[in-house]
>>> print(open('query.cif').read())   # mmCIF, C-alpha atoms
data_my_file
#
loop_
_atom_site.group_PDB
_atom_site.id
_atom_site.type_symbol
_atom_site.label_atom_id
_atom_site.label_comp_id
_atom_site.auth_asym_id
_atom_site.auth_seq_id
_atom_site.Cartn_x
_atom_site.Cartn_y
_atom_site.Cartn_z
ATOM 1 C CA MET P 2 -10.449 0.581 -15.396
ATOM 2 C CA THR P 3 -13.534 -1.262 -14.332
ATOM 3 C CA GLY P 4 -13.603 -3.793 -11.510
ATOM 4 C CA ALA P 5 -13.657 -6.677 -14.005
ATOM 5 C CA GLN P 6 -10.329 -5.571 -15.477
ATOM 6 C CA LEU P 7 -8.340 -5.428 -12.236
ATOM 7 C CA ALA P 8 -5.650 -8.056 -11.739
ATOM 8 C CA PRO P 9 -5.770 -9.774 -8.330
ATOM 9 C CA ALA P 10 -3.136 -9.004 -5.710
ATOM 10 C CA GLN P 11 -2.494 -11.514 -2.927
ATOM 11 C CA SER P 12 -1.603 -9.149 -0.096
ATOM 12 C CA ALA P 13 0.146 -5.960 0.927
ATOM 13 C CA GLU P 14 2.206 -4.672 3.821
ATOM 14 C CA VAL P 15 2.295 -1.029 4.826
ATOM 15 C CA VAL P 16 5.577 -0.129 6.516
ATOM 16 C CA TRP P 17 7.301 2.993 7.789
ATOM 17 C CA GLU P 18 10.655 3.449 6.056
ATOM 18 C CA GLU P 19 13.245 5.995 7.075
ATOM 19 C CA ARG P 20 16.480 6.079 5.101
ATOM 20 C CA ASP P 21 17.349 9.644 6.061
ATOM 21 C CA ARG P 22 15.578 12.916 6.902
ATOM 22 C CA LYS P 23 14.486 13.521 3.307
ATOM 23 C CA HIS P 24 13.409 9.968 2.513
ATOM 24 C CA LYS P 25 11.004 8.758 5.139
ATOM 25 C CA GLY P 26 7.362 7.844 5.141
ATOM 26 C CA TRP P 27 4.773 5.142 4.708
ATOM 27 C CA ASN P 28 5.197 2.681 1.852
ATOM 28 C CA ALA P 29 2.928 -0.097 0.626
ATOM 29 C CA HIS P 30 4.529 -3.322 -0.603
ATOM 30 C CA LEU P 31 2.008 -5.026 -2.882
ATOM 31 C CA HIS P 32 2.480 -8.768 -3.472
ATOM 32 C CA VAL P 33 1.390 -9.903 -6.944
ATOM 33 C CA GLY P 34 2.573 -13.422 -7.707
ATOM 34 C CA ALA P 35 6.357 -13.454 -7.277
ATOM 35 C CA GLU P 36 6.577 -9.658 -7.672
ATOM 36 C CA VAL P 37 6.585 -6.971 -5.009
ATOM 37 C CA ILE P 38 5.469 -3.530 -6.159
ATOM 38 C CA LYS P 39 6.265 -0.596 -3.877
ATOM 39 C CA TYR P 40 4.179 2.550 -3.526
ATOM 40 C CA HIS P 41 5.053 5.633 -1.492
ATOM 41 C CA LEU P 42 1.946 6.763 0.398
ATOM 42 C CA GLU P 43 2.549 10.514 0.583
ATOM 43 C CA GLU P 44 -1.007 11.235 1.683
ATOM 44 C CA ALA P 45 -0.495 9.185 4.868
ATOM 45 C CA GLY P 46 1.525 11.932 6.505
ATOM 46 C CA ASP P 47 3.544 11.239 9.632
ATOM 47 C CA ARG P 48 4.287 8.094 11.568
ATOM 48 C CA GLY P 49 1.157 8.566 13.694
ATOM 49 C CA ALA P 50 -1.283 7.821 10.840
ATOM 50 C CA ASP P 51 -4.014 5.385 11.855
ATOM 51 C CA ASP P 52 -4.210 1.846 10.483
ATOM 52 C CA ALA P 53 -7.570 2.316 8.726
ATOM 53 C CA GLN P 54 -6.228 5.286 6.757
ATOM 54 C CA LEU P 55 -3.077 3.367 5.782
ATOM 55 C CA VAL P 56 -5.070 0.337 4.610
ATOM 56 C CA SER P 57 -7.385 2.575 2.584
ATOM 57 C CA LEU P 58 -4.453 4.338 0.914
ATOM 58 C CA ALA P 59 -2.774 1.011 0.056
ATOM 59 C CA VAL P 60 -5.985 -0.313 -1.537
ATOM 60 C CA LYS P 61 -6.416 2.920 -3.519
ATOM 61 C CA ALA P 62 -2.794 2.881 -4.748
ATOM 62 C CA ALA P 63 -3.206 -0.720 -5.918
ATOM 63 C CA GLN P 64 -6.499 0.058 -7.676
ATOM 64 C CA ASP P 65 -5.017 3.125 -9.368
ATOM 65 C CA ASP P 66 -2.338 0.822 -10.815
ATOM 66 C CA GLY P 67 -4.825 -1.825 -11.963
ATOM 67 C CA TYR P 68 -4.777 -4.312 -9.065
ATOM 68 C CA ALA P 69 -7.638 -5.588 -6.928
ATOM 69 C CA LEU P 70 -6.592 -5.641 -3.281
ATOM 70 C CA GLN P 71 -8.904 -6.642 -0.446
ATOM 71 C CA PRO P 72 -8.567 -4.454 2.687
ATOM 72 C CA ALA P 73 -8.497 -7.597 4.865
ATOM 73 C CA SER P 74 -5.281 -8.722 3.126
ATOM 74 C CA VAL P 75 -3.378 -5.544 4.089
ATOM 75 C CA THR P 76 -1.196 -5.567 7.213
ATOM 76 C CA VAL P 77 0.356 -2.521 8.856
ATOM 77 C CA LYS P 78 3.809 -2.964 10.382
ATOM 78 C CA ARG P 79 4.901 -0.263 12.797
#
>>> encode(input="query.cif", output="structure tokens")
Amino acid sequence: MTGAQLAPAQSAEVVWEERDRKHKGWNAHLHVGAEVIKYHLEEAGDRGADDAQLVSLAVKAAQDDGYALQPASVTVKR
């Protein structure tokens, strides 16, 4: 997809989620209109990942799925 074809996303939150030992990690919650789309950010690694890396991964996940997300609209919740 080219930049002109990307749908705008309002914002995103990157949060650490830990349901059990097998299901834990960083997830991006992308806000598009009334929808929230969730992405697991496997590449982020452990809980100590830095904010810049997490923001970059959230933007890339959104772009890969056809959404334009500005890095300034991404918040990291620890």
>>> resolve_selection(input="query.cif", expression="the PyMOL selection byres ((chain P and resi 6-12) around 10)", output="PDB file with C-alpha atoms, in the coordinates of the input")
ATOM      1  CA  MET P   2     -10.449   0.581 -15.396  1.00  0.00           C
ATOM      2  CA  THR P   3     -13.534  -1.262 -14.332  1.00  0.00           C
ATOM      3  CA  GLY P   4     -13.603  -3.793 -11.510  1.00  0.00           C
ATOM      4  CA  ALA P   5     -13.657  -6.677 -14.005  1.00  0.00           C
ATOM      5  CA  ALA P  13       0.146  -5.960   0.927  1.00  0.00           C
ATOM      6  CA  GLU P  14       2.206  -4.672   3.821  1.00  0.00           C
ATOM      7  CA  HIS P  30       4.529  -3.322  -0.603  1.00  0.00           C
ATOM      8  CA  LEU P  31       2.008  -5.026  -2.882  1.00  0.00           C
ATOM      9  CA  HIS P  32       2.480  -8.768  -3.472  1.00  0.00           C
ATOM     10  CA  VAL P  33       1.390  -9.903  -6.944  1.00  0.00           C
ATOM     11  CA  GLY P  34       2.573 -13.422  -7.707  1.00  0.00           C
ATOM     12  CA  GLU P  36       6.577  -9.658  -7.672  1.00  0.00           C
ATOM     13  CA  VAL P  37       6.585  -6.971  -5.009  1.00  0.00           C
ATOM     14  CA  VAL P  60      -5.985  -0.313  -1.537  1.00  0.00           C
ATOM     15  CA  ALA P  63      -3.206  -0.720  -5.918  1.00  0.00           C
ATOM     16  CA  GLN P  64      -6.499   0.058  -7.676  1.00  0.00           C
ATOM     17  CA  ASP P  65      -5.017   3.125  -9.368  1.00  0.00           C
ATOM     18  CA  ASP P  66      -2.338   0.822 -10.815  1.00  0.00           C
ATOM     19  CA  GLY P  67      -4.825  -1.825 -11.963  1.00  0.00           C
ATOM     20  CA  TYR P  68      -4.777  -4.312  -9.065  1.00  0.00           C
ATOM     21  CA  ALA P  69      -7.638  -5.588  -6.928  1.00  0.00           C
ATOM     22  CA  LEU P  70      -6.592  -5.641  -3.281  1.00  0.00           C
ATOM     23  CA  GLN P  71      -8.904  -6.642  -0.446  1.00  0.00           C
ATOM     24  CA  PRO P  72      -8.567  -4.454   2.687  1.00  0.00           C
ATOM     25  CA  ALA P  73      -8.497  -7.597   4.865  1.00  0.00           C
ATOM     26  CA  SER P  74      -5.281  -8.722   3.126  1.00  0.00           C
ATOM     27  CA  VAL P  75      -3.378  -5.544   4.089  1.00  0.00           C
ATOM     28  CA  THR P  76      -1.196  -5.567   7.213  1.00  0.00           C
TER      29      THR P  76
END
>>> residues_around(input="query.cif", residues="Gln54 of chain P", least_positions_apart="5", cutoff="12 Å", atoms="all atoms listed in the file", output="list in words")
Val15, Trp27, Leu42, Glu43, Glu44, Ala45, Gly46, Asp47, Arg48, Gly49, Ala59, Val60, Lys61, Pro72, Val75, Thr76 and Val77 of chain P
>>> atom_distance(input="query.cif", atom1="atom CA of Lys23 of chain P", atom2="atom CA of Val56 of chain P")
23.6 Å
>>> axis_aligned_box(input="query.cif", around="segment 58-63 of chain P", padding_each_side="3 Å", output="lines of an AutoDock Vina configuration file")
center_x = -4.6
center_y = 1.8
center_z = -2.5
size_x = 9.6
size_y = 11.1
size_z = 12.8
>>> resolve_selection(input="query.cif", expression="the PyMOL selection byres ((chain P and resi 17) around 7)", output="list in words")
Val16, Glu18, Glu19, Gly26, Trp27, Asn28 and Arg79 of chain P
>>> atom_distance(input="query.cif", atom1="atom CA of Ser57 of chain P", atom2="atom CA of Asp21 of chain P")
26.0 Å
